[in-house]
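Below is one structure; the comments refer to it alone.
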Amino acid sequence: MKRARVIFWKEVKDLSRDYRTLAYVVLLPLIALPGMAVLAGGLYTAQQVTVGVVDLDGTEISRAFVEGLVERLSAGVQGVALEVVVGGRGDFTIIVPEGFGEMVESLDGRTYVELSYVPGPPVFSSIESIVRSYVAQFERSVVEARVSALAEAAGLEVDEGGLLDPIQVRVTFLTPAGEPAGGEAGVVAFSARVIAFSLFFVVNPAVVFMSDAVVGERERRSIERLLSAPATPLEVLAGKMAASMLLSLAAAVADSVAIVAFFVLSGTSVEVGAYLAAAWALSTLALVAFTSALVAALSAWSGSLRSAQSTSFAVLMAALAVYFSSLVVDFDSLPAWARAVLLAVPFTHASLAVFRASYGDLAGMALHLAVLLAFTLIAVVAARRMFTPERLVAFKG
Amino acid sequence: MEECAGLAACMIGVRKRLGGREVLRGVSLRVYKGTIHVVAGLNGSGKTTSMRVLLGFYKPDAGVVRLLGVDPRGPRRTEVLRRVGYVPEDAQPYERLTGLENLRFYARLYADSDEEAERLVERAARIAGLPWEVLERQKAGSYSRGMRRRLLLAAALMHSPELLVADEPMSGLDAVAAFKLRRLIKSLAAGGSTFIITTHDLREAEEIADRVTFIHRGVTVFEGSVSEALEAYSAGSLEEAFVRAVGGEEG
């Protein structure tokens, strides 16, 4: 395999000097994704929003209500500073109607708080949530006072908490095996989704580098000379695959870090424990090997540059579909036919390995990685079969 | 195959179908050791396909192929390729590598040790005739067409092959570069090397050829020495002989 090593180093040098491609697969995500999060976050917090609070009632109770509300709003919402104008209208207006105090003070009176705004901007939804939460808190104190008054009138002793909240909700996180999973399981589960999604950014560089190593060399008309050198097609394939894998792994690490940074900088909690980190690393490695072998086979099989580009695009789209779904779809909740279809797609096994690891299911993780490895071996055999001088030389650039 | 015994390259009755079309319909080629053998034909006549079959890239549908006495698609393929140099038509060096890196890469594929590889690189650099500084510092992508051609020829000759196959080697070279290349080929042939050169430029062929093969529409229509060609077609030049051989057709 000495010649495979020579080809490997040539490929590393050749591919790594394609600065435009390197910028596209490494630098662009590394800068653009965290940059996007910072920029979007910065622009979000730079919004200037005026909240108007109008008290049409003017009673002691309505004033107390407005005072508390203004205090809550003045703290801002998700980093956006709010300018609160009492007595005037704003982008978001809260109106306390006439008779508010009277209704609140009576035993069974009912009133309202009116909110008016143009729908659409996420910050308005956040302000509405804050107002609703403040109203619920205020309402609770009103109801407690009413219950006390009623209990006193009836000569009863009442636990207001029990009376108002007779049924509570308690949440226990479980592993798929039914074991308690601990309080951090929610964050870990979401982190697994983020990591599964980031696997797309592993596939992308592998497709780019491997197709350049094969299709690029055919297109640049240097492959015929290479194939006339005393190296077997297997040595040429091995050298090209190893170089593509090395660069793809470097790019994958950078891109995966970038995508996690994107979520973290966007304010999402991401927690990567030892199992998840191991699953991430192993899935990345297996995925790079699989994608490189698959693209090598497809690139050698393609009779023209256009068909090579189309097949590479199809590989990317399949990966994108699987990994984007990972963000929102629970594999185990899918109908059997959908699971069967997805299990036939090798990319699925990388994301399932990550999910299984996030539950602490190491056997499940190993199983999916083994399946991905089996797919990789099939792809390597296919690549070897396709990688014949006849196919490689007969190419319409 | 007795008919091929002792020949540097041999193709007998080769047929090859590509993309649904029979590109070679009976190509025969007998190349004697130590000669410069020109394969001439119109554009699209099957010259390049013949060379690809000879080097084992394409599997012939019928016929016999021997390269330095060996089946180029057989188990001794790698071994025989060590003794052959090849410059494909329109081939390009690795544009993102310097000239020297290109030569080093090929040298390491042919050499058994780093020392031997360096010797091959030095030899190739002399053959290429390009300034060391240009080879060392400039990426091959910045070279002119002629410089690229010389670099590839040097890479094909660096390991002193017994047989060099060059597909249209003069194409794109200026008059001086073409003259130098012809001189180099003649001097190497005088030293015992064998050359197969495809071309559609018969004037150029006549200057260097010992023997010629005319291929027309995928069939060998003539095979012999230059003087035999002139005699066979009662021609005053190889070009005239070729035109008569192909019936005055254009490619």
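Just remember, in the structure tokens the first chain shown is A, the second B, etc., residues are 1-based per chain, and ligands are 1-based in the order shown.
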Pick out the chain A residues within 12 Å of chain B. Count only C-alpha atoms. Give them as a VMD selection string.
chain A and resid 1 to 19 213 216 to 236 303 387 to 396
All helix (DSSP H, G or I) positions in region 35-199 of chain A, as a PyMOL selection string
chain A and resi 35-45+60-74+100-105+122-154+160-164+185-198
Pick the closest to Leu369 (chain A) from A:Val188, A:Ala353, A:Ala151, A:Ala23: which is it, counting only C-alpha atoms?
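Selected residue with least distance to Leu369 (chain A): A:Ala353.
Separating CA of Val214 (chain A) from CA of Lys240 (chain A) is a distance of 7.8 Å.
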Can you list, as a PyMOL selection string, every protein, DNA or RNA residue that comes within 12 Å of Gly42 (chain A) when you count only C-alpha atoms, leaving out same-chain residues fewer than 4 positions away?
chain A and resi 34-38+46-47+78-80+265-267
Pick out the residues sitting within 9 Å of Val27 (chain B), and hand them over as a PDB file with N, CA and C atoms, in the first residue's frame; count only C-alpha atoms, and ignore anything fewer than 6 positions along from it in its own chain.
```pdb
ATOM      1  N   MET B  11      -1.229  -5.486 -31.115  1.00  0.00           N
ATOM      2  CA  MET B  11      -2.695  -5.611 -31.101  1.00  0.00           C
ATOM      3  C   MET B  11      -3.073  -6.343 -32.382  1.00  0.00           C
ATOM      4  N   ILE B  12      -3.863  -7.398 -32.252  1.00  0.00           N
ATOM      5  CA  ILE B  12      -4.267  -8.159 -33.436  1.00  0.00           C
ATOM      6  C   ILE B  12      -5.786  -8.240 -33.470  1.00  0.00           C
ATOM      7  N   GLY B  13      -6.349  -7.712 -34.540  1.00  0.00           N
ATOM      8  CA  GLY B  13      -7.800  -7.822 -34.774  1.00  0.00           C
ATOM      9  C   GLY B  13      -8.661  -7.328 -33.616  1.00  0.00           C
ATOM     10  N   VAL B  14      -8.284  -6.179 -33.059  1.00  0.00           N
ATOM     11  CA  VAL B  14      -9.005  -5.687 -31.871  1.00  0.00           C
ATOM     12  C   VAL B  14     -10.303  -4.979 -32.262  1.00  0.00           C
ATOM     13  N   ARG B  15     -11.349  -5.352 -31.554  1.00  0.00           N
ATOM     14  CA  ARG B  15     -12.654  -4.702 -31.743  1.00  0.00           C
ATOM     15  C   ARG B  15     -13.086  -4.145 -30.386  1.00  0.00           C
ATOM     16  N   GLY B  46     -10.161   6.377 -34.117  1.00  0.00           N
ATOM     17  CA  GLY B  46      -9.978   5.303 -33.137  1.00  0.00           C
ATOM     18  C   GLY B  46      -8.562   5.215 -32.578  1.00  0.00           C
ATOM     19  N   SER B  50      -7.591   3.040 -29.351  1.00  0.00           N
ATOM     20  CA  SER B  50      -6.600   1.971 -29.533  1.00  0.00           C
ATOM     21  C   SER B  50      -5.530   2.032 -28.441  1.00  0.00           C
ATOM     22  N   GLY B  63     -10.082  -9.871 -30.100  1.00  0.00           N
ATOM     23  CA  GLY B  63      -8.697  -9.612 -30.486  1.00  0.00           C
ATOM     24  C   GLY B  63      -7.712  -9.855 -29.350  1.00  0.00           C
ATOM     25  N   ILE B 215      -4.846   4.129 -39.268  1.00  0.00           N
ATOM     26  CA  ILE B 215      -6.149   3.623 -38.805  1.00  0.00           C
ATOM     27  C   ILE B 215      -7.231   4.493 -39.444  1.00  0.00           C
ATOM     28  N   GLY B 218     -11.734   2.951 -37.480  1.00  0.00           N
ATOM     29  CA  GLY B 218     -11.591   1.833 -36.540  1.00  0.00           C
ATOM     30  C   GLY B 218     -10.940   0.598 -37.121  1.00  0.00           C
ATOM     31  N   VAL B 219     -10.346   0.725 -38.309  1.00  0.00           N
ATOM     32  CA  VAL B 219      -9.703  -0.438 -38.945  1.00  0.00           C
ATOM     33  C   VAL B 219      -8.280  -0.050 -39.345  1.00  0.00           C
ATOM     34  N   THR B 220      -7.331  -0.964 -39.158  1.00  0.00           N
ATOM     35  CA  THR B 220      -5.975  -0.704 -39.632  1.00  0.00           C
ATOM     36  C   THR B 220      -5.965  -0.905 -41.148  1.00  0.00           C
ATOM     37  N   VAL B 221      -5.595   0.185 -41.865  1.00  0.00           N
ATOM     38  CA  VAL B 221      -5.595   0.074 -43.331  1.00  0.00           C
ATOM     39  C   VAL B 221      -4.180  -0.086 -43.881  1.00  0.00           C
TER      40      VAL B 221
END
```
Between CA of Ala196 (chain A) and CA of Leu372 (chain A), what is the distance, to one decimal in Å?
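CA of Leu372 (chain A) lies 14.5 Å from CA of Ala196 (chain A).
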Which residue, A:Arg20, A:Ala286, A:Thr175, A:Phe92, has the smallest gap to Pro119 (chain A) when you use only C-alpha atoms?
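For Pro119 (chain A), the nearest of the given residues is A:Phe92.
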Got a sec: who's within 10 Å of Thr376 (chain A), counting only C-alpha atoms, leaving out chain neighbours fewer than 3 positions off, as a list in words?
Ala286, Leu287, Val288, Ala289, Phe290, Thr291, Ser292, Ala293, Leu294, Pro346, Ala370, Val371, Leu372, Leu373, Ala379, Val380, Val381 and Ala382 of chain A
Output N, CA, C and O atoms for every residue in the selection just made, as a CSV table (one decimal), in the first residue's frame.
```
chain,number,residue,atom,x,y,z
A,286,ALA,N,-18.0,7.2,11.3
A,286,ALA,CA,-18.7,6.2,10.4
A,286,ALA,C,-19.3,6.8,9.2
A,286,ALA,O,-19.3,6.3,8.1
A,287,LEU,N,-19.9,8.0,9.5
A,287,LEU,CA,-20.7,8.7,8.4
A,287,LEU,C,-19.7,9.2,7.4
A,287,LEU,O,-20.0,9.2,6.2
A,288,VAL,N,-18.6,9.7,7.8
A,288,VAL,CA,-17.6,10.2,6.8
A,288,VAL,C,-17.1,9.0,5.9
A,288,VAL,O,-17.0,9.2,4.7
A,289,ALA,N,-16.9,7.9,6.6
A,289,ALA,CA,-16.4,6.7,5.8
A,289,ALA,C,-17.5,6.3,4.8
A,289,ALA,O,-17.2,6.0,3.7
A,290,PHE,N,-18.7,6.2,5.3
A,290,PHE,CA,-19.8,5.7,4.5
A,290,PHE,C,-20.0,6.7,3.3
A,290,PHE,O,-20.1,6.3,2.1
A,291,THR,N,-20.1,8.0,3.6
A,291,THR,CA,-20.4,9.0,2.6
A,291,THR,C,-19.3,9.0,1.5
A,291,THR,O,-19.5,9.0,0.3
A,292,SER,N,-18.0,8.9,2.0
A,292,SER,CA,-16.9,8.9,1.1
A,292,SER,C,-17.0,7.7,0.1
A,292,SER,O,-16.8,7.8,-1.1
A,293,ALA,N,-17.2,6.5,0.7
A,293,ALA,CA,-17.3,5.3,-0.1
A,293,ALA,C,-18.5,5.4,-1.1
A,293,ALA,O,-18.3,5.1,-2.3
A,294,LEU,N,-19.6,5.9,-0.6
A,294,LEU,CA,-20.8,6.0,-1.5
A,294,LEU,C,-20.5,7.0,-2.6
A,294,LEU,O,-20.8,6.7,-3.8
A,346,PRO,N,-29.0,4.6,5.1
A,346,PRO,CA,-27.9,4.5,6.1
A,346,PRO,C,-27.7,5.7,7.0
A,346,PRO,O,-27.3,5.5,8.2
A,370,ALA,N,-23.0,-0.4,14.0
A,370,ALA,CA,-22.6,-1.6,13.3
A,370,ALA,C,-23.3,-1.7,12.0
A,370,ALA,O,-22.7,-2.0,10.9
A,371,VAL,N,-24.6,-1.3,12.0
A,371,VAL,CA,-25.4,-1.3,10.7
A,371,VAL,C,-24.8,-0.3,9.7
A,371,VAL,O,-24.6,-0.6,8.5
A,372,LEU,N,-24.4,0.9,10.3
A,372,LEU,CA,-23.8,1.9,9.4
A,372,LEU,C,-22.5,1.4,8.8
A,372,LEU,O,-22.1,1.6,7.7
A,373,LEU,N,-21.7,0.7,9.7
A,373,LEU,CA,-20.4,0.1,9.2
A,373,LEU,C,-20.7,-0.9,8.1
A,373,LEU,O,-19.9,-1.0,7.1
A,379,ALA,N,-20.7,-0.1,0.5
A,379,ALA,CA,-20.4,1.0,-0.3
A,379,ALA,C,-18.9,0.9,-0.8
A,379,ALA,O,-18.6,1.3,-2.0
A,380,VAL,N,-18.0,0.4,0.1
A,380,VAL,CA,-16.6,0.3,-0.3
A,380,VAL,C,-16.5,-0.8,-1.4
A,380,VAL,O,-15.8,-0.6,-2.4
A,381,VAL,N,-17.2,-1.9,-1.3
A,381,VAL,CA,-17.2,-2.9,-2.3
A,381,VAL,C,-17.7,-2.4,-3.6
A,381,VAL,O,-17.2,-2.6,-4.7
A,382,ALA,N,-18.8,-1.6,-3.5
A,382,ALA,CA,-19.4,-1.0,-4.7
A,382,ALA,C,-18.4,-0.1,-5.4
A,382,ALA,O,-18.3,-0.1,-6.6
```
Just asking: which residues within region 65-271 of chain A are strand (DSSP E or B) according to DSSP, as a list in words?
Val77, Val80, Leu82, Glu83, Val84, Val85, Val86, Phe92, Thr93, Ile94, Ile95, Val96, Glu114, Leu115, Ser116, Tyr117, Leu174 and Pro180 of chain A
Resulting file, chosen residues, all heavy atoms, as a short mmCIF file (atom, residue, chain, number, x, y, z; two decimals), in the first residue's frame:
```cif
data_model
loop_
_atom_site.label_atom_id
_atom_site.label_comp_id
_atom_site.auth_asym_id
_atom_site.auth_seq_id
_atom_site.Cartn_x
_atom_site.Cartn_y
_atom_site.Cartn_z
N VAL A 77 -37.76 41.93 27.74
CA VAL A 77 -38.19 40.59 27.37
C VAL A 77 -37.13 39.96 26.47
O VAL A 77 -36.82 40.51 25.42
CB VAL A 77 -39.59 40.60 26.73
CG1 VAL A 77 -39.74 41.65 25.66
CG2 VAL A 77 -39.95 39.24 26.18
N VAL A 80 -34.63 42.19 25.02
CA VAL A 80 -35.12 43.38 24.32
C VAL A 80 -35.59 44.39 25.37
O VAL A 80 -36.45 44.08 26.20
CB VAL A 80 -36.30 43.05 23.37
CG1 VAL A 80 -36.79 44.30 22.66
CG2 VAL A 80 -35.88 41.99 22.37
N LEU A 82 -37.66 47.33 26.76
CA LEU A 82 -38.97 47.88 26.38
C LEU A 82 -39.12 49.28 26.96
O LEU A 82 -38.77 49.53 28.11
CB LEU A 82 -40.09 46.98 26.93
CG LEU A 82 -40.06 45.50 26.51
CD1 LEU A 82 -41.13 44.72 27.25
CD2 LEU A 82 -40.26 45.37 25.00
N GLU A 83 -39.61 50.15 26.14
CA GLU A 83 -39.91 51.49 26.66
C GLU A 83 -41.39 51.49 27.06
O GLU A 83 -42.27 51.30 26.21
CB GLU A 83 -39.66 52.54 25.57
CG GLU A 83 -39.81 53.95 26.09
CD GLU A 83 -39.79 55.00 24.97
OE1 GLU A 83 -39.43 54.64 23.84
OE2 GLU A 83 -40.18 56.14 25.26
N VAL A 84 -41.61 51.61 28.37
CA VAL A 84 -42.99 51.50 28.86
C VAL A 84 -43.54 52.91 29.07
O VAL A 84 -42.97 53.72 29.81
CB VAL A 84 -43.06 50.69 30.17
CG1 VAL A 84 -44.51 50.50 30.61
CG2 VAL A 84 -42.38 49.34 29.98
N VAL A 85 -44.64 53.21 28.40
CA VAL A 85 -45.27 54.54 28.50
C VAL A 85 -46.59 54.37 29.23
O VAL A 85 -47.49 53.66 28.75
CB VAL A 85 -45.53 55.12 27.09
CG1 VAL A 85 -46.21 56.48 27.21
CG2 VAL A 85 -44.24 55.21 26.30
N VAL A 86 -46.67 54.95 30.41
CA VAL A 86 -47.92 54.86 31.17
C VAL A 86 -48.81 56.03 30.75
O VAL A 86 -48.38 57.17 30.75
CB VAL A 86 -47.64 54.87 32.69
CG1 VAL A 86 -48.95 54.80 33.48
CG2 VAL A 86 -46.72 53.73 33.08
N PHE A 92 -47.28 48.13 21.38
CA PHE A 92 -48.06 47.11 22.07
C PHE A 92 -48.80 47.85 23.20
O PHE A 92 -48.16 48.48 24.05
CB PHE A 92 -47.10 46.07 22.66
CG PHE A 92 -47.77 44.84 23.21
CD1 PHE A 92 -47.71 43.63 22.52
CD2 PHE A 92 -48.46 44.88 24.42
CE1 PHE A 92 -48.30 42.48 23.04
CE2 PHE A 92 -49.06 43.75 24.93
CZ PHE A 92 -48.98 42.54 24.24
N THR A 93 -50.10 47.80 23.17
CA THR A 93 -50.84 48.60 24.14
C THR A 93 -51.67 47.71 25.07
O THR A 93 -52.30 46.74 24.62
CB THR A 93 -51.77 49.61 23.42
OG1 THR A 93 -50.96 50.41 22.54
CG2 THR A 93 -52.49 50.51 24.40
N ILE A 94 -51.61 48.06 26.37
CA ILE A 94 -52.37 47.31 27.39
C ILE A 94 -53.37 48.30 27.99
O ILE A 94 -52.98 49.36 28.49
CB ILE A 94 -51.44 46.78 28.49
CG1 ILE A 94 -50.32 45.94 27.85
CG2 ILE A 94 -52.21 45.99 29.55
CD1 ILE A 94 -49.11 45.79 28.74
N ILE A 95 -54.63 47.93 27.91
CA ILE A 95 -55.66 48.85 28.45
C ILE A 95 -56.36 48.18 29.62
O ILE A 95 -56.86 47.05 29.53
CB ILE A 95 -56.69 49.22 27.35
CG1 ILE A 95 -55.95 49.96 26.21
CG2 ILE A 95 -57.82 50.08 27.92
CD1 ILE A 95 -56.78 50.17 24.98
N VAL A 96 -56.35 48.91 30.74
CA VAL A 96 -57.09 48.45 31.92
C VAL A 96 -58.43 49.20 31.89
O VAL A 96 -58.45 50.44 31.96
CB VAL A 96 -56.30 48.77 33.22
CG1 VAL A 96 -57.08 48.32 34.45
CG2 VAL A 96 -54.93 48.12 33.17
N GLU A 114 -57.20 44.50 28.11
CA GLU A 114 -57.20 44.45 26.65
C GLU A 114 -55.78 44.66 26.10
O GLU A 114 -55.10 45.61 26.49
CB GLU A 114 -58.14 45.53 26.11
CG GLU A 114 -58.39 45.38 24.62
CD GLU A 114 -59.34 46.47 24.10
OE1 GLU A 114 -60.27 46.86 24.84
OE2 GLU A 114 -59.11 46.93 22.96
N LEU A 115 -55.39 43.79 25.22
CA LEU A 115 -54.07 43.92 24.58
C LEU A 115 -54.28 44.20 23.09
O LEU A 115 -55.12 43.55 22.47
CB LEU A 115 -53.26 42.62 24.70
CG LEU A 115 -53.18 41.98 26.08
CD1 LEU A 115 -52.37 40.69 26.02
CD2 LEU A 115 -52.54 42.95 27.08
N SER A 116 -53.54 45.16 22.55
CA SER A 116 -53.68 45.39 21.11
C SER A 116 -52.30 45.59 20.47
O SER A 116 -51.48 46.34 21.00
CB SER A 116 -54.59 46.58 20.84
OG SER A 116 -54.10 47.73 21.48
N TYR A 117 -52.07 44.85 19.39
CA TYR A 117 -50.80 44.96 18.66
C TYR A 117 -50.96 44.36 17.27
O TYR A 117 -51.89 43.61 17.01
CB TYR A 117 -49.66 44.28 19.43
CG TYR A 117 -49.82 42.79 19.65
CD1 TYR A 117 -49.29 41.87 18.75
CD2 TYR A 117 -50.50 42.30 20.77
CE1 TYR A 117 -49.41 40.51 18.97
CE2 TYR A 117 -50.62 40.94 20.99
CZ TYR A 117 -50.08 40.05 20.09
OH TYR A 117 -50.22 38.70 20.30
N LEU A 174 -38.20 9.44 31.67
CA LEU A 174 -37.81 8.03 31.62
C LEU A 174 -36.89 7.76 30.43
O LEU A 174 -36.93 8.48 29.44
CB LEU A 174 -39.06 7.15 31.47
CG LEU A 174 -40.08 7.18 32.59
CD1 LEU A 174 -41.30 6.37 32.19
CD2 LEU A 174 -39.50 6.65 33.90
N PRO A 180 -35.92 5.65 35.41
CA PRO A 180 -35.92 7.11 35.60
C PRO A 180 -34.68 7.74 34.95
O PRO A 180 -33.59 7.19 35.04
CB PRO A 180 -35.87 7.26 37.13
CG PRO A 180 -36.22 5.93 37.67
CD PRO A 180 -35.89 4.90 36.65
#
```
If I take CA of Ala9 (chain B) and CA of Arg211 (chain B), how far is one from the other in Å, to one decimal?
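It comes out at 12.9 Å.
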Residues at most 10 Å from region 326-336 of chain A, counting only C-alpha atoms, excluding those fewer than 6 positions away in the same chain, as a VMD selection string?
chain A and resid 176 190 to 199 320 342 to 343 348 351 to 352 355
Would you output that residue set with N, CA, C and O atoms, as an mmCIF file, in the first residue's frame?
```
data_model
loop_
_atom_site.group_PDB
_atom_site.id
_atom_site.type_symbol
_atom_site.label_atom_id
_atom_site.label_comp_id
_atom_site.auth_asym_id
_atom_site.auth_seq_id
_atom_site.Cartn_x
_atom_site.Cartn_y
_atom_site.Cartn_z
ATOM 1 N N PRO A 176 -36.074 5.001 27.332
ATOM 2 C CA PRO A 176 -36.987 4.117 26.587
ATOM 3 C C PRO A 176 -37.196 2.781 27.288
ATOM 4 O O PRO A 176 -38.219 2.120 27.086
ATOM 5 N N PHE A 190 -32.773 17.135 23.939
ATOM 6 C CA PHE A 190 -32.744 18.191 22.926
ATOM 7 C C PHE A 190 -31.344 18.302 22.320
ATOM 8 O O PHE A 190 -31.180 18.500 21.112
ATOM 9 N N SER A 191 -30.332 18.135 23.210
ATOM 10 C CA SER A 191 -28.948 18.193 22.715
ATOM 11 C C SER A 191 -28.721 17.104 21.667
ATOM 12 O O SER A 191 -28.036 17.326 20.662
ATOM 13 N N ALA A 192 -29.306 15.929 21.927
ATOM 14 C CA ALA A 192 -29.152 14.821 20.963
ATOM 15 C C ALA A 192 -29.758 15.210 19.625
ATOM 16 O O ALA A 192 -29.219 14.883 18.565
ATOM 17 N N ARG A 193 -30.885 15.928 19.670
ATOM 18 C CA ARG A 193 -31.512 16.364 18.411
ATOM 19 C C ARG A 193 -30.606 17.338 17.661
ATOM 20 O O ARG A 193 -30.460 17.260 16.440
ATOM 21 N N VAL A 194 -29.999 18.248 18.429
ATOM 22 C CA VAL A 194 -29.099 19.226 17.806
ATOM 23 C C VAL A 194 -27.914 18.493 17.164
ATOM 24 O O VAL A 194 -27.519 18.781 16.026
ATOM 25 N N ILE A 195 -27.380 17.509 17.885
ATOM 26 C CA ILE A 195 -26.219 16.771 17.376
ATOM 27 C C ILE A 195 -26.618 15.951 16.146
ATOM 28 O O ILE A 195 -25.896 15.914 15.152
ATOM 29 N N ALA A 196 -27.789 15.323 16.223
ATOM 30 C CA ALA A 196 -28.253 14.538 15.065
ATOM 31 C C ALA A 196 -28.402 15.450 13.850
ATOM 32 O O ALA A 196 -28.026 15.088 12.734
ATOM 33 N N PHE A 197 -28.923 16.645 14.083
ATOM 34 C CA PHE A 197 -29.071 17.595 12.972
ATOM 35 C C PHE A 197 -27.699 17.999 12.429
ATOM 36 O O PHE A 197 -27.499 18.108 11.217
ATOM 37 N N SER A 198 -26.730 18.164 13.360
ATOM 38 C CA SER A 198 -25.397 18.609 12.930
ATOM 39 C C SER A 198 -24.707 17.576 12.035
ATOM 40 O O SER A 198 -23.742 17.891 11.353
ATOM 41 N N LEU A 199 -25.217 16.326 12.039
ATOM 42 C CA LEU A 199 -24.585 15.290 11.216
ATOM 43 C C LEU A 199 -24.681 15.617 9.719
ATOM 44 O O LEU A 199 -23.879 15.147 8.927
ATOM 45 N N LEU A 320 -29.987 15.457 4.241
ATOM 46 C CA LEU A 320 -30.665 16.628 4.811
ATOM 47 C C LEU A 320 -32.055 16.247 5.314
ATOM 48 O O LEU A 320 -32.472 16.654 6.398
ATOM 49 N N LEU A 342 -37.008 4.306 6.707
ATOM 50 C CA LEU A 342 -35.880 5.084 7.240
ATOM 51 C C LEU A 342 -34.695 4.194 7.607
ATOM 52 O O LEU A 342 -33.541 4.581 7.430
ATOM 53 N N LEU A 343 -34.994 2.991 8.103
ATOM 54 C CA LEU A 343 -33.893 2.092 8.478
ATOM 55 C C LEU A 343 -33.098 1.622 7.257
ATOM 56 O O LEU A 343 -31.944 1.218 7.379
ATOM 57 N N THR A 348 -29.813 7.335 8.564
ATOM 58 C CA THR A 348 -30.679 7.231 9.746
ATOM 59 C C THR A 348 -29.922 6.617 10.924
ATOM 60 O O THR A 348 -30.114 7.016 12.079
ATOM 61 N N SER A 351 -27.957 8.991 13.158
ATOM 62 C CA SER A 351 -28.751 9.791 14.097
ATOM 63 C C SER A 351 -29.336 8.910 15.198
ATOM 64 O O SER A 351 -29.386 9.310 16.358
ATOM 65 N N LEU A 352 -29.729 7.682 14.827
ATOM 66 C CA LEU A 352 -30.279 6.789 15.867
ATOM 67 C C LEU A 352 -29.205 6.401 16.885
ATOM 68 O O LEU A 352 -29.495 6.257 18.087
ATOM 69 N N PHE A 355 -29.176 9.202 19.283
ATOM 70 C CA PHE A 355 -30.348 9.200 20.170
ATOM 71 C C PHE A 355 -30.238 8.099 21.224
ATOM 72 O O PHE A 355 -30.535 8.312 22.391
#
```
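When only C-alpha atoms are used to compute distances to His216 (chain B), the closest of the residues B:His200, B:Ala62, B:Phe179, B:Leu163 turns out to be B:His200.
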Neighbour list for region 134-144 of chain A as an MDAnalysis selection string, cut-off 7 Å, only C-alpha atoms, skip fewer than 4 positions in-chain
chainID A and resid 69 104 130 148 160
Restricting the calculation to only C-alpha atoms: of B:Leu130, B:Ser28, B:Leu173, B:Leu153, which residue gets closest to Lys47 (chain B)?
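Result for the nearest residue to Lys47 (chain B): B:Ser28.
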